[in-house]
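*Asks:* The file below is start18.cif, mmCIF, C-alpha atoms:
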data_model
#
loop_
_atom_site.label_atom_id
_atom_site.label_comp_id
_atom_site.auth_asym_id
_atom_site.auth_seq_id
_atom_site.Cartn_x
_atom_site.Cartn_y
_atom_site.Cartn_z
CA MET A 687 8.80 -27.55 -2.32
CA SER A 688 12.20 -29.26 -2.25
CA SER A 689 13.98 -29.92 1.03
CA ILE A 690 16.65 -27.34 0.12
CA ALA A 691 14.02 -24.69 -0.65
CA ALA A 692 12.15 -25.49 2.57
CA LEU A 693 15.40 -25.14 4.53
CA LYS A 694 16.03 -21.70 2.99
CA VAL A 695 12.53 -20.56 3.92
CA MET A 696 13.20 -21.68 7.49
CA GLU A 697 16.42 -19.64 7.48
CA LEU A 698 14.54 -16.52 6.38
CA ASN A 699 11.90 -17.10 9.05
CA SER A 700 14.70 -17.51 11.59
CA ASP A 701 16.31 -14.24 10.47
CA LEU A 702 13.05 -12.39 10.99
CA PHE A 703 12.45 -13.96 14.40
CA ASN A 704 15.99 -13.28 15.58
CA TYR A 705 15.78 -9.66 14.50
CA LEU A 706 12.56 -9.07 16.44
CA ASN A 707 13.85 -11.03 19.42
CA LYS A 708 17.00 -8.91 19.51
CA HIS A 709 14.89 -5.77 19.84
CA SER A 710 12.49 -7.14 22.47
CA VAL A 711 13.04 -6.93 26.22
CA ASP A 712 11.24 -10.16 27.12
CA SER A 713 8.91 -12.81 25.69
CA ASN A 714 5.82 -10.63 26.13
CA ASP A 715 7.46 -7.78 24.30
CA LEU A 716 8.57 -10.20 21.58
CA LEU A 717 5.02 -11.48 21.12
CA ASN A 718 3.73 -7.91 20.95
CA ASN A 719 6.32 -7.02 18.31
CA ILE A 720 5.42 -10.07 16.25
CA LYS A 721 1.78 -8.99 16.33
CA ARG A 722 2.59 -5.33 15.81
CA PHE A 723 4.43 -6.04 12.57
CA GLY A 724 1.83 -8.53 11.32
CA VAL A 725 3.99 -11.66 11.13
CA GLU A 726 2.13 -13.98 13.53
CA ARG A 727 1.32 -16.60 10.92
CA ILE A 728 4.83 -16.56 9.47
CA LEU A 729 6.35 -17.08 12.93
CA LYS A 730 3.63 -19.31 14.35
CA ASP A 731 6.07 -22.15 15.15
CA TYR A 732 8.06 -19.75 17.35
CA ILE A 733 4.89 -18.45 18.98
CA LYS A 734 4.00 -22.04 19.91
CA LYS A 735 6.89 -22.00 22.37
CA ILE A 736 6.09 -18.52 23.73
CA ASP A 737 2.31 -18.70 24.04
CA PRO A 738 0.59 -22.03 23.20
CA GLU A 739 -2.88 -20.47 23.44
CA GLU A 740 -1.97 -17.77 20.95
CA TYR A 741 -0.63 -20.49 18.67
CA LYS A 742 -3.95 -22.36 18.83
CA GLN A 743 -5.82 -19.17 17.90
CA ILE A 744 -3.55 -18.62 14.91
CA LEU A 745 -4.25 -22.16 13.68
CA LYS A 746 -7.98 -21.57 14.15
CA ASP A 747 -7.82 -18.33 12.14
CA MET A 748 -5.84 -20.04 9.38
CA LYS A 749 -8.36 -22.87 9.20
CA GLN A 750 -11.16 -20.35 8.71
CA LYS A 751 -9.11 -18.52 6.10
CA ARG A 752 -8.60 -21.80 4.24
CA LYS A 753 -12.36 -22.09 3.77
CA ILE A 754 -12.66 -18.53 2.50
CA ASN A 755 -9.73 -19.01 0.13
CA LYS A 756 -11.75 -21.60 -1.77
CA HIS A 757 -14.07 -18.79 -2.85
CA PHE A 758 -11.15 -16.59 -3.88
CA ILE A 759 -9.74 -19.42 -6.00
CA ASP A 760 -13.12 -20.07 -7.65
CA GLU A 761 -13.57 -16.37 -8.32
CA LEU A 762 -10.03 -16.03 -9.63
CA ASN A 763 -10.53 -18.85 -12.11
CA GLN A 764 -13.94 -17.60 -13.21
CA LEU A 765 -12.69 -14.08 -13.86
CA THR A 766 -9.64 -15.33 -15.75
CA ASN A 767 -11.66 -17.72 -17.92
CA ILE A 768 -14.32 -15.14 -18.83
CA CYS A 769 -11.76 -12.45 -19.63
CA GLU A 770 -9.79 -14.89 -21.78
CA LYS A 771 -12.92 -15.71 -23.78
CA ARG A 772 -13.60 -11.99 -24.25
CA GLY A 773 -10.02 -11.29 -25.33
CA GLN A 774 -9.19 -9.27 -22.20
CA LYS A 775 -5.84 -9.67 -20.42
CA LEU A 776 -6.44 -9.81 -16.65
CA ILE A 777 -3.15 -9.76 -14.74
CA HIS A 778 -3.23 -10.93 -11.11
CA PHE A 779 -0.77 -9.67 -8.52
CA LYS A 780 -0.44 -9.71 -4.73
CA GLY A 781 -3.32 -11.55 -3.03
CA ILE A 782 -3.89 -15.25 -3.38
CA THR A 783 -1.63 -15.78 -6.42
CA LEU A 784 1.33 -14.41 -4.46
CA ALA A 785 0.35 -16.53 -1.46
CA ALA A 786 0.24 -19.65 -3.64
CA ASP A 787 3.64 -18.82 -5.11
CA LEU A 788 5.51 -18.15 -1.88
CA TYR A 789 3.75 -19.72 1.09
CA HIS A 790 2.84 -23.19 2.23
CA PRO A 791 0.14 -23.32 3.34
CA ILE A 792 -1.16 -20.34 1.34
CA GLU A 793 -3.27 -19.05 4.24
CA THR A 794 0.01 -18.08 5.92
CA ARG A 795 -0.29 -14.86 3.90
CA ARG A 796 -2.97 -12.42 5.03
CA PHE A 797 -5.07 -10.84 2.30
CA GLY A 798 -8.66 -9.67 2.06
CA ASP A 799 -9.15 -8.94 -1.62
CA MET A 800 -7.92 -9.56 -5.14
CA ASP A 801 -5.76 -7.17 -7.14
CA VAL A 802 -5.88 -7.23 -10.92
CA LEU A 803 -4.19 -5.09 -13.56
CA VAL A 804 -5.85 -4.25 -16.88
CA ASP A 805 -5.04 -2.08 -19.88
CA SER A 806 -6.61 1.34 -19.28
CA ASP A 807 -7.69 1.39 -22.92
CA LYS A 808 -9.77 -1.75 -22.23
CA LEU A 809 -11.12 -0.66 -18.85
CA GLU A 810 -14.69 -0.12 -20.02
CA GLU A 811 -14.89 -3.63 -21.50
CA VAL A 812 -13.41 -5.18 -18.34
CA LEU A 813 -15.88 -3.31 -16.13
CA GLU A 814 -18.72 -4.70 -18.24
CA ILE A 815 -17.55 -8.22 -17.36
CA PHE A 816 -17.42 -7.39 -13.65
CA ASN A 817 -20.86 -5.81 -13.89
CA GLU A 818 -22.31 -8.91 -15.54
CA LEU A 819 -20.95 -11.01 -12.69
CA GLY A 820 -22.79 -8.80 -10.18
CA TYR A 821 -19.94 -6.65 -8.89
CA LYS A 822 -20.79 -3.30 -7.27
CA TYR A 823 -18.79 -0.38 -5.93
CA ALA A 824 -18.30 -1.11 -2.23
CA GLU A 825 -18.84 2.49 -1.16
CA THR A 826 -21.85 3.46 -3.29
CA GLN A 827 -23.43 0.04 -3.94
CA GLN A 828 -23.85 1.12 -7.55
CA SER A 829 -23.24 -1.20 -10.50
CA VAL A 830 -19.68 -1.22 -11.79
CA SER A 831 -19.17 1.14 -14.74
CA LEU A 832 -17.10 4.18 -15.68
CA ASN A 833 -19.88 6.47 -14.42
CA GLY A 834 -21.27 4.36 -11.58
CA TYR A 835 -19.27 6.11 -8.87
CA TYR A 836 -20.02 9.57 -7.49
CA ILE A 837 -16.79 10.84 -9.05
CA PRO A 838 -16.18 9.86 -12.72
CA VAL A 839 -13.80 6.90 -12.65
CA LEU A 840 -11.53 8.24 -15.37
CA GLU A 841 -11.11 11.48 -13.40
CA MET A 842 -10.11 9.50 -10.30
CA LEU A 843 -7.50 7.58 -12.26
CA THR A 844 -5.50 10.75 -12.87
CA SER A 845 -4.26 10.53 -9.26
CA VAL A 846 -4.72 6.92 -8.10
CA CYS A 847 -3.76 3.61 -9.68
CA HIS A 848 -7.03 1.71 -9.30
CA ILE A 849 -10.74 2.36 -9.40
CA PRO A 850 -12.74 2.35 -6.15
CA GLU A 851 -13.02 -1.08 -4.57
CA VAL A 852 -15.63 -3.39 -6.06
CA TYR A 853 -17.18 -6.53 -4.61
CA ARG A 854 -19.77 -9.21 -5.12
CA THR A 855 -21.41 -11.71 -2.77
CA ARG A 856 -20.99 -15.46 -3.20
CA GLN A 857 -23.23 -18.04 -1.56
CA TRP A 858 -21.86 -21.31 -0.22
CA ASN A 859 -23.45 -23.78 2.23
CA GLN A 860 -26.14 -21.21 3.10
CA GLN A 861 -23.47 -18.68 3.99
CA SER A 862 -22.58 -15.43 2.23
CA TYR A 863 -19.04 -14.33 1.42
CA ASN A 864 -18.08 -10.98 -0.03
CA ILE A 865 -15.27 -11.08 -2.58
CA HIS A 866 -13.54 -7.70 -2.88
CA CYS A 867 -11.32 -6.62 -5.76
CA ASP A 868 -9.17 -3.64 -6.73
CA ILE A 869 -9.01 -3.14 -10.49
CA HIS A 870 -5.73 -1.39 -11.33
CA VAL A 871 -4.68 0.42 -14.47
CA ARG A 872 -1.17 1.00 -13.06
CA ILE A 873 0.96 -0.69 -10.41
CA PHE A 874 2.05 2.66 -8.90
CA ASN A 875 0.30 5.91 -8.03
CA ASP A 876 2.02 7.97 -10.70
CA SER A 877 1.19 11.18 -12.45
CA VAL A 878 -0.55 10.97 -15.82
CA SER A 879 2.67 11.78 -17.68
CA GLU A 880 4.21 8.53 -16.40
CA TRP A 881 1.42 6.17 -17.43
CA GLU A 882 3.11 4.87 -20.56
CA TYR A 883 5.37 2.48 -18.67
CA ILE A 884 2.39 0.29 -17.86
CA LYS A 885 1.99 -0.73 -21.51
CA GLU A 886 5.40 -2.38 -21.32
CA VAL A 887 4.48 -4.07 -18.04
CA ILE A 888 1.27 -5.49 -19.51
CA ASP A 889 3.07 -6.73 -22.62
CA ARG A 890 5.70 -8.50 -20.47
CA ALA A 891 3.18 -10.34 -18.28
CA GLU A 892 3.70 -14.10 -18.06
CA LYS A 893 0.99 -16.74 -18.31
CA THR A 894 1.72 -19.03 -15.37
CA GLU A 895 0.12 -22.17 -13.97
CA VAL A 896 -1.08 -21.43 -10.46
CA LEU A 897 -4.01 -22.67 -8.36
CA GLY A 898 -5.06 -25.21 -10.97
CA ASN A 899 -5.34 -22.77 -13.86
CA TYR A 900 -3.21 -20.59 -16.13
CA HIS A 901 -3.26 -16.94 -15.02
CA TRP A 902 -1.44 -13.84 -16.20
CA LEU A 903 1.13 -12.67 -13.63
CA LEU A 904 3.59 -9.79 -13.73
CA GLU A 905 6.99 -10.57 -15.22
CA LYS A 906 9.34 -11.48 -12.37
CA HIS A 907 11.42 -8.25 -12.38
CA ASP A 908 8.22 -6.18 -12.49
CA ARG A 909 6.77 -8.33 -9.72
CA LEU A 910 9.76 -7.73 -7.45
CA ILE A 911 9.72 -3.97 -8.11
CA GLN A 912 6.01 -3.90 -7.31
CA LEU A 913 6.57 -5.79 -4.05
CA LEU A 914 9.37 -3.47 -2.92
CA CYS A 915 7.48 -0.33 -3.92
CA HIS A 916 4.31 -1.60 -2.22
CA PHE A 917 6.21 -2.10 1.03
CA THR A 918 7.75 1.37 0.75
CA LYS A 919 4.53 3.08 -0.31
CA GLU A 920 2.50 1.56 2.52
CA HIS A 921 5.08 2.57 5.12
CA VAL A 922 5.58 6.13 3.87
CA ASP A 923 1.87 6.72 3.30
CA THR A 924 1.02 5.24 6.69
CA THR A 925 3.68 7.30 8.44
CA LEU A 926 2.60 10.59 6.90
CA LYS A 927 -1.07 9.76 7.36
CA GLN A 928 -0.38 9.22 11.06
CA LEU A 929 1.46 12.52 11.19
CA PHE A 930 -1.65 14.40 10.13
CA GLU A 931 -3.97 12.32 12.29
CA GLY A 932 -1.76 12.67 15.35
CA ARG A 933 -1.61 8.94 16.04
CA ALA A 934 1.58 7.65 17.66
CA ILE A 935 1.46 4.13 16.22
CA ARG A 936 3.59 2.84 13.38
CA ASP A 937 1.91 -0.30 12.13
CA ILE A 938 4.20 -1.16 9.24
CA ARG A 939 3.70 -4.77 8.17
CA LEU A 940 6.96 -6.66 7.94
CA SER A 941 5.01 -9.50 6.33
CA TRP A 942 5.16 -7.47 3.10
CA LEU A 943 8.93 -7.28 3.44
CA HIS A 944 9.20 -10.96 4.28
CA GLU A 945 7.42 -12.05 1.13
CA THR A 946 9.87 -9.91 -0.83
CA ALA A 947 12.72 -11.85 0.79
CA LEU A 948 10.97 -15.12 -0.06
CA PHE A 949 10.53 -13.99 -3.67
CA ILE A 950 14.19 -13.02 -4.08
CA ASN A 951 15.22 -16.34 -2.57
CA LYS A 952 12.96 -18.38 -4.87
CA TYR A 953 13.84 -16.59 -8.11
CA SER A 954 17.41 -15.46 -7.39
CA GLU A 955 18.85 -17.22 -10.44
CA GLU A 956 16.33 -15.52 -12.75
CA LEU A 957 16.66 -11.99 -11.36
CA ASP A 958 19.01 -9.41 -12.84
CA TRP A 959 19.49 -6.45 -10.49
CA ASP A 960 20.77 -4.27 -13.31
CA VAL A 961 17.38 -4.72 -15.00
CA ILE A 962 15.62 -3.86 -11.75
CA ILE A 963 17.72 -0.72 -11.23
CA ASP A 964 17.25 0.40 -14.84
CA ARG A 965 13.46 0.07 -14.61
CA CYS A 966 13.34 1.86 -11.26
CA LEU A 967 15.36 4.73 -12.73
CA LYS A 968 13.07 4.87 -15.74
CA TRP A 969 9.95 4.82 -13.54
CA ASN A 970 11.33 7.24 -10.92
CA LYS A 971 11.24 4.52 -8.23
CA ILE A 972 14.92 4.35 -7.30
CA TRP A 973 14.32 5.82 -3.83
CA GLU A 974 11.52 3.33 -3.17
CA LEU A 975 13.92 0.57 -4.20
CA LEU A 976 16.59 1.86 -1.82
CA PHE A 977 14.14 2.01 1.10
CA GLY A 978 13.10 -1.62 0.59
CA VAL A 979 16.57 -3.09 0.16
CA LEU A 980 17.83 -1.26 3.26
CA PHE A 981 15.21 -3.11 5.31
CA LEU A 982 16.03 -6.43 3.64
CA ASN A 983 19.75 -5.96 4.31
CA ARG A 984 19.21 -5.13 7.96
CA ILE A 985 16.83 -7.98 8.81
CA TYR A 986 17.95 -10.88 6.58
CA SER A 987 21.49 -12.20 6.55
CA ASP A 988 21.79 -13.37 2.96
CA VAL A 989 19.28 -11.58 0.71
CA ILE A 990 20.78 -8.18 -0.19
CA ASN A 991 24.53 -7.54 -0.09
CA ASP A 992 26.26 -4.25 0.74
CA SER A 993 27.65 -3.81 -2.76
CA LEU A 994 24.16 -3.78 -4.26
CA ILE A 995 23.06 -1.17 -1.73
CA GLY A 996 26.10 0.92 -2.61
CA LYS A 997 25.21 0.70 -6.29
CA ILE A 998 21.61 1.80 -5.67
CA LYS A 999 22.78 4.64 -3.40
CA SER A 1000 25.11 5.89 -6.11
CA HIS A 1001 22.14 6.19 -8.47
CA CYS A 1002 20.09 7.93 -5.79
CA ALA A 1003 22.92 10.43 -5.27
CA LYS A 1004 22.62 11.42 -8.93
CA THR A 1005 18.86 11.94 -8.58
CA THR A 1006 17.95 15.47 -7.50
CA LEU A 1007 14.92 15.53 -5.22
CA ASP A 1008 13.92 19.13 -5.77
CA ASP A 1009 10.49 20.70 -5.30
CA SER A 1010 9.22 19.34 -8.60
CA LYS A 1011 9.43 15.83 -7.16
CA GLY A 1012 6.81 16.62 -4.54
CA LEU A 1013 6.48 16.40 -0.79
CA LYS A 1014 6.23 12.63 -0.68
CA HIS A 1015 9.59 12.13 -2.37
CA ARG A 1016 11.31 14.54 0.03
CA ALA A 1017 9.82 12.62 2.93
CA LEU A 1018 11.12 9.37 1.44
CA LYS A 1019 14.63 10.78 1.14
CA SER A 1020 14.49 11.85 4.77
CA ILE A 1021 13.36 8.41 5.90
CA THR A 1022 16.07 6.55 3.94
CA ASP A 1023 18.66 8.58 5.89
CA ILE A 1024 17.39 7.03 9.13
CA ASP A 1025 18.70 3.64 10.28
CA VAL A 1026 16.15 0.83 9.91
CA ASN A 1027 16.39 0.01 13.62
CA ASN A 1028 15.43 3.58 14.50
CA ILE A 1029 12.54 3.56 12.04
CA LEU A 1030 11.09 0.43 13.64
CA PHE A 1031 12.10 0.83 17.26
CA GLY A 1032 13.44 4.38 17.76
CA ASP A 1033 11.96 7.51 19.32
CA ILE A 1034 8.75 8.06 17.42
CA HIS A 1035 8.58 11.77 18.23
CA ASN A 1036 11.98 12.47 16.72
CA PHE A 1037 11.09 10.33 13.75
CA TYR A 1038 7.89 12.32 13.17
CA LYS A 1039 9.69 15.61 13.75
CA ASN A 1040 12.27 14.78 11.09
CA THR A 1041 9.58 13.75 8.63
CA ILE A 1042 7.57 16.91 9.27
CA GLU A 1043 10.65 19.01 8.60
CA SER A 1044 11.37 17.08 5.41
CA VAL A 1045 7.98 18.04 3.92
CA HIS A 1046 8.26 21.68 5.09
CA TRP A 1047 5.38 21.75 7.58
CA LYS A 1048 4.32 25.37 8.06
CA GLY A 1049 1.27 25.32 10.42
CA PRO A 1050 -0.76 26.49 12.13
CA ILE A 1051 -2.43 28.34 9.21
CA ILE A 1052 -2.95 26.32 6.03
CA ASN A 1053 -4.02 27.24 2.52
CA CYS A 1054 -7.46 26.28 1.21
CA PRO A 1055 -7.40 26.18 -2.59
CA ARG A 1056 -10.34 24.93 -4.64
CA TYR A 1057 -9.90 21.20 -5.19
CA THR A 1058 -11.88 19.21 -7.75
CA GLY A 1059 -9.70 16.14 -8.16
CA ALA A 1060 -10.05 12.62 -6.86
CA THR A 1061 -9.51 11.46 -3.29
CA SER A 1062 -7.92 8.39 -1.81
CA PRO A 1063 -9.75 6.24 0.76
CA TYR A 1064 -7.97 7.34 3.93
CA ASN A 1065 -10.62 8.46 6.40
CA PHE A 1066 -9.89 10.89 9.19
CA ILE A 1067 -11.43 13.66 11.30
CA ILE A 1068 -10.20 17.26 11.58
CA GLU A 1069 -11.15 18.62 14.97
CA GLU A 1070 -11.22 22.08 16.56
CA ILE A 1071 -7.80 23.72 16.69
CA ARG A 1072 -7.33 27.10 18.38
CA SER A 1073 -4.73 29.63 17.37
CA ASP A 1074 -3.60 30.16 20.96
CA THR A 1075 -2.44 26.53 21.34
CA LYS A 1076 0.40 24.57 19.85
CA THR A 1077 -1.66 21.55 18.93
CA HIS A 1078 -1.86 22.22 15.20
CA ILE A 1079 0.53 19.32 14.48
CA ARG A 1080 -2.01 17.02 16.11
CA ARG A 1081 -4.51 17.34 13.31
CA GLY A 1082 -5.44 20.06 10.87
CA SER A 1083 -5.48 23.80 11.46
CA ILE A 1084 -7.70 26.87 11.46
CA ILE A 1085 -9.71 27.70 8.37
CA TYR A 1086 -10.52 31.40 7.95
CA GLY A 1087 -10.04 31.92 11.67
CA ASP A 1088 -13.11 29.95 12.71
CA PRO A 1089 -12.23 28.00 15.89
CA VAL A 1090 -15.26 25.70 16.04
CA PHE A 1091 -15.89 23.16 13.32
CA LYS A 1092 -15.56 19.49 12.53
CA THR A 1093 -15.15 17.80 9.17
CA ALA A 1094 -14.66 14.29 7.86
CA GLY A 1095 -13.00 13.24 4.63
CA HIS A 1096 -9.88 11.91 2.96
CA ILE A 1097 -6.17 12.55 2.68
CA SER A 1098 -4.67 12.36 -0.82
CA TRP A 1099 -1.58 13.14 -2.84
CA ASP A 1100 -0.61 14.52 -6.12
CA MET A 1101 3.03 14.78 -7.17
CA ASN A 1102 3.55 18.17 -5.52
CA ASN A 1103 1.05 18.60 -2.70
CA ILE A 1104 -0.71 16.86 0.16
CA TYR A 1105 -4.44 17.49 0.32
CA ILE A 1106 -7.18 17.00 2.82
CA THR A 1107 -10.52 16.74 1.09
CA ALA A 1108 -13.31 17.10 3.60
CA ARG A 1109 -17.09 17.11 3.80
CA VAL A 1110 -18.05 20.23 5.73
CA HIS A 1111 -20.95 20.51 8.13
CA ASP A 1112 -23.80 22.68 6.85
CA GLU A 1113 -23.58 25.14 9.71
CA LEU A 1114 -20.15 26.27 8.52
CA PHE A 1115 -21.64 27.32 5.20
CA SER A 1116 -24.65 28.95 6.86
CA ARG A 1117 -22.27 31.30 8.63
CA ASN A 1118 -20.61 32.14 5.30
CA LYS A 1119 -17.22 31.06 6.53
CA ILE A 1120 -16.29 29.42 3.24
CA GLU A 1121 -16.87 31.29 0.00
CA ASN A 1122 -16.63 30.17 -3.63
CA GLN A 1123 -16.35 26.53 -2.65
CA SER A 1124 -18.38 23.47 -3.53
CA LYS A 1125 -20.69 22.61 -0.64
CA ASP A 1126 -19.58 18.98 -0.79
CA TYR A 1127 -15.80 19.26 -0.95
CA PHE A 1128 -12.88 21.53 -0.35
CA SER A 1129 -9.24 20.86 0.38
CA VAL A 1130 -6.37 22.24 2.36
CA THR A 1131 -2.67 22.11 1.48
CA PHE A 1132 -0.19 21.54 4.26
CA GLY A 1133 2.53 24.17 4.00
CA ASN A 1134 3.96 25.78 0.92
CA GLU A 1135 6.04 24.00 -1.70
CA GLY A 1136 9.75 24.68 -1.57
CA GLY A 1137 9.88 25.74 2.07
#
Go ahead and render the structure in this file as structure tokens.

*Replies:*
Amino acid sequence: MSSIAALKVMELNSDLFNYLNKHSVDSNDLLNNIKRFGVERILKDYIKKIDPEEYKQILKDMKQKRKINKHFIDELNQLTNICEKRGQKLIHFKGITLAADLYHPIETRRFGDMDVLVDSDKLEEVLEIFNELGYKYAETQQSVSLNGYYIPVLEMLTSVCHIPEVYRTRQWNQQSYNIHCDIHVRIFNDSVSEWEYIKEVIDRAEKTEVLGNYHWLLEKHDRLIQLLCHFTKEHVDTTLKQLFEGRAIRDIRLSWLHETALFINKYSEELDWDVIIDRCLKWNKIWELLFGVLFLNRIYSDVINDSLIGKIKSHCAKTTLDDSKGLKHRALKSITDIDVNNILFGDIHNFYKNTIESVHWKGPIINCPRYTGATSPYNFIIEEIRSDTKTHIRRGSIIYGDPVFKTAGHISWDMNNIYITARVHDELFSRNKIENQSKDYFSVTFGNEGG
């Protein structure tokens, strides 16, 4: 890294620190905010002055991560080389390749798995390679294949962008390390009708020298869109997930935003924002783009200018977010109307209230349609809710008037509804409280579409 580039990285780090410091009441609050938003390693040199012991712990954690990263690099190279020999295009994004591109040292970036993108038409062949290497589904411990999961993989991919997490165990110096991987067929959770864009993304991928080997990476405009949409998706999903779980913690990771700022800084001369806007419009991601750039503009002094935000807002104004766009998009529009400072540091109850209203929460009674689709891996518990209380916003609601039951399951989206898919205790079925439903799964829809 050149001295000029290193200086610019220091300026971005300083912008982030100054923003958090401005919204902290004292050094303890500042340290808590740094931890809360997941940027300890990025701001470790500032932490050294605030809490030397915390700084030492960060260095210790990074040293341990450096050892583990060796296994990720070996695995990355092995997967790439085998897929190349088999004629399969394995595109790496996020994870260690992003860390190597933007951070020095690379263990500054937190990550726990690898993310790869493959052509959905070649998925079966790619899974055969992973199976030969000893990968298994993390949840079922079954060998990796299209039918090795308890829900057919191709059915799951109608509503999520990657197959269930897979892993394998590597041995080194008499120690075992699990390498986890998400195998994507899309870079967004889109409906089936919008899959075709990914063919263009795969065709545009760039073979790049990184970590001592040549790997396929997303083309730079696609990479930036993915980073911004990942930041937005994680925040919106986390926020709404917390709404339904009743947790009053917003644990958005500003580290994901910071690496977007680093990326824009590094590749500014190669990026064309008109291309980015055009692709976001084509992929129905213009609101996700707006959400991300609003954060960048607020926190960093010289990354996103006001004129670019105005241009993106003008496109958003022409985009009608009606019922056909789904609950999640209406929630996103509501959130982009809120100032970034209020999202991060404002009254959480008002923030939740506004978001609930934006998705037309109807409680306490909720519909229970038959649901046979795939689920996403967000675990939660629905607990007893009585009709004579006002606690239905806390979590769940009454099903068929029965006030005593507990279930465990997942929360998931499609383009128009929010579902809870839950495993129901046997005693609920024995009392015939649920009819014409699979014993294993059912779902509930929060509210009615269109208000």

*Asks:* In Å, with one decimal, what is the gap from CA of Glu882 in chain A to CA of Trp959 in chain A?

*Replies:*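 Separation of CA of Glu882 in chain A and CA of Trp959 in chain A: 22.3 Å.
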
*Asks:* Per residue of range 930-1011 of chain A within 8 Å of range 711-726 of chain A, what are the shortest atom pair and its distance in Å to one decimal, counting all atoms listed in the file, with rows by chain and residue number, as CSV?

*Replies:*
residue,atom,partner,partner_atom,distance
A:Asp937,CA,A:Arg722,CA,6.3
A:Ile938,CA,A:Phe723,CA,5.9
A:Arg939,CA,A:Phe723,CA,4.6
A:Leu940,CA,A:Phe723,CA,5.3
A:Ser941,CA,A:Val725,CA,5.4

*Asks:* Counting all atoms listed in the file, what are the residues of range 873-983 of chain A within 8 Å of range 992-1001 of chain A, and for each of them which pair of atoms is the nearest and at what distance in Å, to one decimal? Sort the table by chain and rising number, as a Markdown table.

*Replies:*
| residue | atom | partner | partner_atom | distance |
| --- | --- | --- | --- | --- |
| A:Ile963 | CA | A:Ile998 | CA | 7.2 |
| A:Ile972 | CA | A:Ile998 | CA | 7.3 |
| A:Leu975 | CA | A:Ile998 | CA | 7.9 |
| A:Leu976 | CA | A:Ile998 | CA | 6.3 |
| A:Val979 | CA | A:Ile995 | CA | 7.0 |
| A:Leu980 | CA | A:Ile995 | CA | 7.2 |
| A:Asn983 | CA | A:Asp992 | CA | 7.6 |

*Asks:* I'd like the contact shell of Val830 in chain A - 10 Å cut-off, all atoms listed in the file, skipping same-chain residues fewer than 6 positions apart - returned as a PyMOL selection string.

*Replies:* chain A and resi 810+812-824+849-853

*Asks:* Could you tell me how far CA of Trp942 in chain A lies from CA of Leu698 in chain A, in Å and to one decimal?

*Replies:*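 Going from CA of Trp942 in chain A over to CA of Leu698 in chain A, I get 13.4 Å.
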
*Asks:* Quick one: everything within 12 Å of Leu762 in chain A, counting only C-alpha atoms, minus sequence neighbours fewer than 4 positions away in the same chain. Send it as a PyMOL selection string.

*Replies:* chain A and resi 755-758+766-769+776-779+781-783+799-802+865-867+896-902

*Asks:* Report the distance between CA of Leu904 in chain A and CA of Arg890 in chain A in Å, rounded to one decimal place.

*Replies:* 7.2 Å

*Asks:* I need the residue nearest Gly773 in chain A from this list: A:Asp760, A:Phe949, A:Arg796, A:Asp805. Use only C-alpha atoms for the distance.

*Replies:*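 When distances to Gly773 in chain A are compared using only C-alpha atoms, the smallest one comes from A:Asp805.
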
*Asks:* May I have the protein, DNA and RNA residues with an atom at most 7 Å from (1.1, 0.6, -14.4), counting all atoms listed in the file in the file's coordinates, returned as a PyMOL selection string?

*Replies:* chain A and resi 871-874+881+883-884+887

*Asks:* Might you spell out which residues the PyMOL selection byres ((chain A and resi 951) around 12) would select in the displayed file, as an MDAnalysis selection string?

*Replies:* chainID A and resid 690:698 788 910 944:950 952:957 982 986:990

*Asks:* Selected by the PyMOL selection byres ((chain A and resi 1026) around 8) in the shown coordinates: which residues, as a list of chain:residue names?

*Replies:* A:Leu980, A:Phe981, A:Arg984, A:Ile1024, A:Asp1025, A:Asn1027, A:Asn1028, A:Ile1029, A:Leu1030
